[in-house]
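Peer 1: My questions all concern the structure below.
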Amino acid sequence: MFTLPTPLIGFFKKHLEYVTEHAVDPDVRRHATPHEAVRHYIDLDHFGSWPFEMIPRARTDALFKFSSWYVRTPLGDTLQLVPPGTFGPYQDSFLLLLPDSSFMALAQKPWRQKFVHWVLPQYYEARWVLPADSLQHWLDSLDVPIQVQEAWVEDHLTPYGILPWALEDTYRKLVAAFAQKDERRILRYAADLGHYLADACVPLHTTENYNGQLTGQEGIHAFWESRLPELFAEEQYDLFTGQARLVLDPLAYFWSLVLDSHQLVNTVLEIERRVRDSLPSDRVWCTELRNGQAIRVRCTTFAQAYHEALNGMVARQMRRAIKAVGDLWYTAWLEAGSPNLGWKVEAVPPLPSAQDSAEHATHILRKHN
Ligand SMILES: [Zn+2]
């Protein structure tokens with residue numbers, strides 16, 4: 001909030017309490033709807049390696065690429081249609097795998113249109129069903145010799161997380177709310193956007209090994225994103241970031257957040273392992289009482305050593321998140337045409353100094369914990 005220019009800062013300051021409280025809403029919703037959890041992460045390394053050019057940056061292209069199409073024939077055979085970009089020499093074609101294990105290569109473009117037309121409207125359905133009659137028609141016109149009994153599409157993208165596109169969606173909703181001068185929705189989507197932006201700055205939100213479960217480092221997720229800032233942010237972090245700036249291409253910005261975060265994943269894991277190995281075991285694991293139950297946690301000494309070895313990484317990522325939130329709130333407001341919501345400009349104080357801003361952020365943090 002304190003990175004925003006007038007008159008925006010005045011509006012948000014008035015609602016500081018609300019936004020602070022509702023910043024955690026998306027995590028609360030995770031239990032209420034099956035569609036929520038995937039918005040908080042993207043398992044980039046599931047798809048390949050840096051810089052992940054195999055993942056199309058636009059959502060429709062990515063969904064289309066990581067979908068499998070199936071047709072069941074009246075004889076009970078299930079045939080698969082493989083989207084373009086998955087099979088070596090036929091990068092640009094849709095491949096129909098036939099029962100005799102031969103295949104037909106079909107042009108890509110019309111299939112993408114069909115995907116947009118038939119499948120996307122069902123995004124929130126549990127099962128993507130293709131209209132058998134229309135598909136039959138379409139295949140006949142392409143001279144594809146198969147009979148369609150039923151047909152469906154499987155989504156191999158969404159289960160691995162859709163964070164960049166959840167950011168895009170929420171950003172669009174915030175722009176619309178600003179344009180309609182709808183205060184309630186502005187606050188709701190501003191809080192949601194802040195949440196997802198901050199998630200995008202957490203390296204472990206961008207990997208399949210999100211809790212160190214693949215490398216014997218279970219619990220590292222909360223250790224890095226909760227325990228370390230809880231222990232050290234108030235005393236040690238400088239959270240001053242400078243003023244919010246206009247973002248020319250929000251989707252590219254969201255991608256750069258997750259890609260940059262991902263580059264830190266190895267360091268997050270490596271350093272934890274190195275520091276753990278350097279400590280006597282009674283300095284690594286300690287017992288703590290929570291709700292009357294003894295649980296095993298990483299010792300404070302361990303946390304201290306890890307935090308030091310990370311050399312300011314958590315604070316840097318937190319600053320990145322703060323900057324991102326200010327930048328995108330500001331950009332959404334500009335894109336909505338800088339609406340005047342009847343905010344009293346004269347009541348707005350000048351931009352806070354670095355000192356004020358850091359103090360204020362620390363205050364919010366303390367409250368939050
Ligand atoms: Zn989250």
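Following the order of the structure tokens, chains are lettered A, B, ..., residues in each are numbered from 1, and ligands are numbered from 1.
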May I ask you to write as a list in words all residues lying at most 9 Å from ligand 1, with only C-alpha atoms and all ligand atoms counted?

Peer 2: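 Those within range of ligand 1 are Val24, Asp25, Pro26, Asp27, Val28, Arg30, Ala37, Arg39, His40, Tyr41, His195, Tyr196, Ala198, Asp199, Ala200 and His205 of chain A.
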
Peer 1: With only C-alpha atoms as the basis for distance, which of A:Asp100, A:Asp77, A:Glu270, A:Glu183 is at the shortest distance from Gln217 (chain A)?

Peer 2: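 Smallest separation from Gln217 (chain A) among the options: A:Glu270.
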
Peer 1: Select from region 47-94 of chain A every residue with an atom at most 10 Å from any atom of region 230-252 of chain A, then for each give the shortest pair of atoms and their distance in Å to one decimal, using only C-alpha atoms, rows by chain and rising number, as a tab-separated table.

Peer 2:
```
residue	atom	partner	partner_atom	distance
A:Arg57	CA	A:Ala252	CA	8.0
A:Ala58	CA	A:Leu251	CA	8.1
A:Arg59	CA	A:Leu251	CA	9.9
```

Peer 1: Which residue out of A:Phe87, A:His35, A:Gly337, A:Leu95 has the minimum interatomic distance to Glu125 (chain A) when only C-alpha atoms are used?

Peer 2: A:His35

Peer 1: Write out as a PyMOL selection string the residues lying within 9 Å of Arg188 (chain A), counting only C-alpha atoms and excluding same-chain residues fewer than 5 positions away.

Peer 2: chain A and resi 18-19+22-23+174+183+193

Peer 1: Which residue, A:Lys181, A:Val71, A:Gly194, A:Glu272, has the smallest gap to Met1 (chain A) when you use only C-alpha atoms?

Peer 2: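 Among the listed residues, A:Gly194 lies closest to Met1 (chain A).
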
Peer 1: Please determine, counting only C-alpha atoms, which residue among A:Val148, A:Phe12, A:Phe2, A:Gln91 has the shortest atom-to-atom distance to Ala191 (chain A).

Peer 2: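 For Ala191 (chain A), the nearest of the candidates is A:Phe12.
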
Peer 1: Kindly indicate which residue among A:Arg316, A:His31, A:Arg112, A:Arg274 lies nearest to Phe64 (chain A), using only C-alpha atoms for the distances.

Peer 2: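 Of A:Arg316, A:His31, A:Arg112, A:Arg274, the one nearest Phe64 (chain A), counting only C-alpha atoms, is A:Arg112.
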
Peer 1: Could you please write out, as a PDB file with N, CA and C atoms, in the first residue's frame, every residue of region 55-292 of chain A that DSSP assigns to strand (DSSP E or B)?

Peer 2:
```pdb
ATOM      1  N   SER A  67      -3.196 -31.301 -23.457  1.00  0.00           N
ATOM      2  CA  SER A  67      -4.470 -32.027 -23.378  1.00  0.00           C
ATOM      3  C   SER A  67      -4.344 -33.306 -24.209  1.00  0.00           C
ATOM      4  N   SER A  68      -5.063 -34.346 -23.803  1.00  0.00           N
ATOM      5  CA  SER A  68      -5.151 -35.547 -24.639  1.00  0.00           C
ATOM      6  C   SER A  68      -6.605 -35.753 -25.019  1.00  0.00           C
ATOM      7  N   TRP A  69      -6.820 -36.081 -26.269  1.00  0.00           N
ATOM      8  CA  TRP A  69      -8.165 -36.274 -26.779  1.00  0.00           C
ATOM      9  C   TRP A  69      -8.397 -37.769 -26.993  1.00  0.00           C
ATOM     10  N   TYR A  70      -9.576 -38.225 -26.636  1.00  0.00           N
ATOM     11  CA  TYR A  70      -9.870 -39.641 -26.806  1.00  0.00           C
ATOM     12  C   TYR A  70     -11.192 -39.830 -27.538  1.00  0.00           C
ATOM     13  N   VAL A  71     -11.220 -40.839 -28.388  1.00  0.00           N
ATOM     14  CA  VAL A  71     -12.452 -41.188 -29.087  1.00  0.00           C
ATOM     15  C   VAL A  71     -12.720 -42.667 -28.836  1.00  0.00           C
ATOM     16  N   ARG A  72     -13.940 -42.989 -28.400  1.00  0.00           N
ATOM     17  CA  ARG A  72     -14.306 -44.400 -28.298  1.00  0.00           C
ATOM     18  C   ARG A  72     -15.173 -44.746 -29.500  1.00  0.00           C
ATOM     19  N   THR A  78     -10.524 -47.521 -27.999  1.00  0.00           N
ATOM     20  CA  THR A  78     -10.296 -46.136 -27.594  1.00  0.00           C
ATOM     21  C   THR A  78      -9.078 -45.615 -28.353  1.00  0.00           C
ATOM     22  N   LEU A  79      -9.301 -44.592 -29.161  1.00  0.00           N
ATOM     23  CA  LEU A  79      -8.223 -44.003 -29.961  1.00  0.00           C
ATOM     24  C   LEU A  79      -7.791 -42.693 -29.322  1.00  0.00           C
ATOM     25  N   GLN A  80      -6.500 -42.429 -29.414  1.00  0.00           N
ATOM     26  CA  GLN A  80      -6.023 -41.184 -28.816  1.00  0.00           C
ATOM     27  C   GLN A  80      -5.580 -40.208 -29.889  1.00  0.00           C
ATOM     28  N   LEU A  81      -5.891 -38.937 -29.639  1.00  0.00           N
ATOM     29  CA  LEU A  81      -5.410 -37.849 -30.480  1.00  0.00           C
ATOM     30  C   LEU A  81      -4.375 -37.085 -29.664  1.00  0.00           C
ATOM     31  N   VAL A  82      -3.166 -36.999 -30.213  1.00  0.00           N
ATOM     32  CA  VAL A  82      -2.080 -36.353 -29.464  1.00  0.00           C
ATOM     33  C   VAL A  82      -1.858 -34.938 -29.992  1.00  0.00           C
ATOM     34  N   SER A  93       1.599 -30.981 -35.979  1.00  0.00           N
ATOM     35  CA  SER A  93       0.373 -31.706 -36.325  1.00  0.00           C
ATOM     36  C   SER A  93      -0.268 -32.351 -35.104  1.00  0.00           C
ATOM     37  N   PHE A  94      -1.548 -32.532 -35.239  1.00  0.00           N
ATOM     38  CA  PHE A  94      -2.317 -33.315 -34.312  1.00  0.00           C
ATOM     39  C   PHE A  94      -2.218 -34.761 -34.806  1.00  0.00           C
ATOM     40  N   LEU A  95      -1.891 -35.707 -33.933  1.00  0.00           N
ATOM     41  CA  LEU A  95      -1.718 -37.080 -34.391  1.00  0.00           C
ATOM     42  C   LEU A  95      -2.860 -37.961 -33.902  1.00  0.00           C
ATOM     43  N   LEU A  96      -3.454 -38.680 -34.828  1.00  0.00           N
ATOM     44  CA  LEU A  96      -4.477 -39.660 -34.459  1.00  0.00           C
ATOM     45  C   LEU A  96      -3.835 -41.041 -34.461  1.00  0.00           C
ATOM     46  N   LEU A  97      -3.772 -41.668 -33.270  1.00  0.00           N
ATOM     47  CA  LEU A  97      -3.164 -42.998 -33.169  1.00  0.00           C
ATOM     48  C   LEU A  97      -4.238 -44.039 -33.465  1.00  0.00           C
ATOM     49  N   PHE A 103      -0.510 -44.049 -37.556  1.00  0.00           N
ATOM     50  CA  PHE A 103      -1.155 -42.799 -37.143  1.00  0.00           C
ATOM     51  C   PHE A 103      -1.411 -41.906 -38.347  1.00  0.00           C
ATOM     52  N   MET A 104      -2.318 -40.952 -38.152  1.00  0.00           N
ATOM     53  CA  MET A 104      -2.571 -39.936 -39.167  1.00  0.00           C
ATOM     54  C   MET A 104      -2.174 -38.597 -38.593  1.00  0.00           C
ATOM     55  N   ALA A 105      -1.482 -37.796 -39.393  1.00  0.00           N
ATOM     56  CA  ALA A 105      -1.137 -36.447 -38.955  1.00  0.00           C
ATOM     57  C   ALA A 105      -2.184 -35.476 -39.479  1.00  0.00           C
ATOM     58  N   LEU A 106      -2.743 -34.671 -38.571  1.00  0.00           N
ATOM     59  CA  LEU A 106      -3.798 -33.730 -38.945  1.00  0.00           C
ATOM     60  C   LEU A 106      -3.313 -32.306 -38.673  1.00  0.00           C
ATOM     61  N   ALA A 107      -3.733 -31.364 -39.482  1.00  0.00           N
ATOM     62  CA  ALA A 107      -3.283 -29.975 -39.299  1.00  0.00           C
ATOM     63  C   ALA A 107      -3.681 -29.452 -37.930  1.00  0.00           C
ATOM     64  N   TRP A 128     -14.186 -33.260 -19.400  1.00  0.00           N
ATOM     65  CA  TRP A 128     -14.409 -32.496 -20.622  1.00  0.00           C
ATOM     66  C   TRP A 128     -14.943 -33.420 -21.694  1.00  0.00           C
ATOM     67  N   VAL A 129     -16.220 -33.243 -22.018  1.00  0.00           N
ATOM     68  CA  VAL A 129     -16.862 -34.119 -22.996  1.00  0.00           C
ATOM     69  C   VAL A 129     -16.891 -33.420 -24.350  1.00  0.00           C
ATOM     70  N   LEU A 130     -16.548 -34.161 -25.403  1.00  0.00           N
ATOM     71  CA  LEU A 130     -16.638 -33.607 -26.752  1.00  0.00           C
ATOM     72  C   LEU A 130     -17.981 -33.994 -27.357  1.00  0.00           C
ATOM     73  N   GLU A 150     -18.254 -42.068 -28.367  1.00  0.00           N
ATOM     74  CA  GLU A 150     -18.157 -40.942 -27.427  1.00  0.00           C
ATOM     75  C   GLU A 150     -16.736 -40.411 -27.472  1.00  0.00           C
ATOM     76  N   ALA A 151     -16.555 -39.199 -26.949  1.00  0.00           N
ATOM     77  CA  ALA A 151     -15.224 -38.588 -27.015  1.00  0.00           C
ATOM     78  C   ALA A 151     -15.046 -37.627 -25.853  1.00  0.00           C
ATOM     79  N   TRP A 152     -13.815 -37.515 -25.386  1.00  0.00           N
ATOM     80  CA  TRP A 152     -13.540 -36.632 -24.255  1.00  0.00           C
ATOM     81  C   TRP A 152     -12.098 -36.160 -24.301  1.00  0.00           C
ATOM     82  N   VAL A 153     -11.792 -35.177 -23.466  1.00  0.00           N
ATOM     83  CA  VAL A 153     -10.448 -34.596 -23.428  1.00  0.00           C
ATOM     84  C   VAL A 153      -9.944 -34.610 -21.994  1.00  0.00           C
ATOM     85  N   GLU A 154      -8.679 -34.980 -21.815  1.00  0.00           N
ATOM     86  CA  GLU A 154      -8.088 -34.936 -20.468  1.00  0.00           C
ATOM     87  C   GLU A 154      -7.101 -33.782 -20.360  1.00  0.00           C
ATOM     88  N   ASP A 155      -7.125 -33.157 -19.198  1.00  0.00           N
ATOM     89  CA  ASP A 155      -6.328 -31.958 -18.927  1.00  0.00           C
ATOM     90  C   ASP A 155      -5.067 -32.365 -18.159  1.00  0.00           C
ATOM     91  N   TRP A 285      16.845 -31.106  15.135  1.00  0.00           N
ATOM     92  CA  TRP A 285      15.444 -31.382  15.466  1.00  0.00           C
ATOM     93  C   TRP A 285      15.164 -31.104  16.940  1.00  0.00           C
ATOM     94  N   CYS A 286      14.126 -30.330  17.197  1.00  0.00           N
ATOM     95  CA  CYS A 286      13.709 -30.032  18.560  1.00  0.00           C
ATOM     96  C   CYS A 286      12.231 -30.398  18.701  1.00  0.00           C
ATOM     97  N   THR A 287      11.780 -30.529  19.927  1.00  0.00           N
ATOM     98  CA  THR A 287      10.371 -30.838  20.163  1.00  0.00           C
ATOM     99  C   THR A 287       9.667 -29.584  20.660  1.00  0.00           C
ATOM    100  N   GLU A 288       8.507 -29.348  20.098  1.00  0.00           N
ATOM    101  CA  GLU A 288       7.731 -28.186  20.504  1.00  0.00           C
ATOM    102  C   GLU A 288       6.306 -28.637  20.822  1.00  0.00           C
ATOM    103  N   LEU A 289       5.683 -27.932  21.769  1.00  0.00           N
ATOM    104  CA  LEU A 289       4.295 -28.261  22.095  1.00  0.00           C
ATOM    105  C   LEU A 289       3.367 -27.380  21.277  1.00  0.00           C
ATOM    106  N   ARG A 290       2.465 -28.033  20.520  1.00  0.00           N
ATOM    107  CA  ARG A 290       1.449 -27.250  19.829  1.00  0.00           C
ATOM    108  C   ARG A 290       0.094 -27.884  20.079  1.00  0.00           C
TER     109      ARG A 290
END
```

Peer 1: Restricting the calculation to only C-alpha atoms, which member of A:Ala179, A:Ile271, A:Ala294, A:Leu341 is positioned closest to Glu308 (chain A)?

Peer 2: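 For Glu308 (chain A), the nearest of the candidates is A:Ile271.
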
Peer 1: Between CA of Gln317 (chain A) and CA of Ala303 (chain A), what is the distance in Å, rounded to a tenth?

Peer 2: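 For CA of Gln317 (chain A) relative to CA of Ala303 (chain A), the distance reads 17.4 Å.
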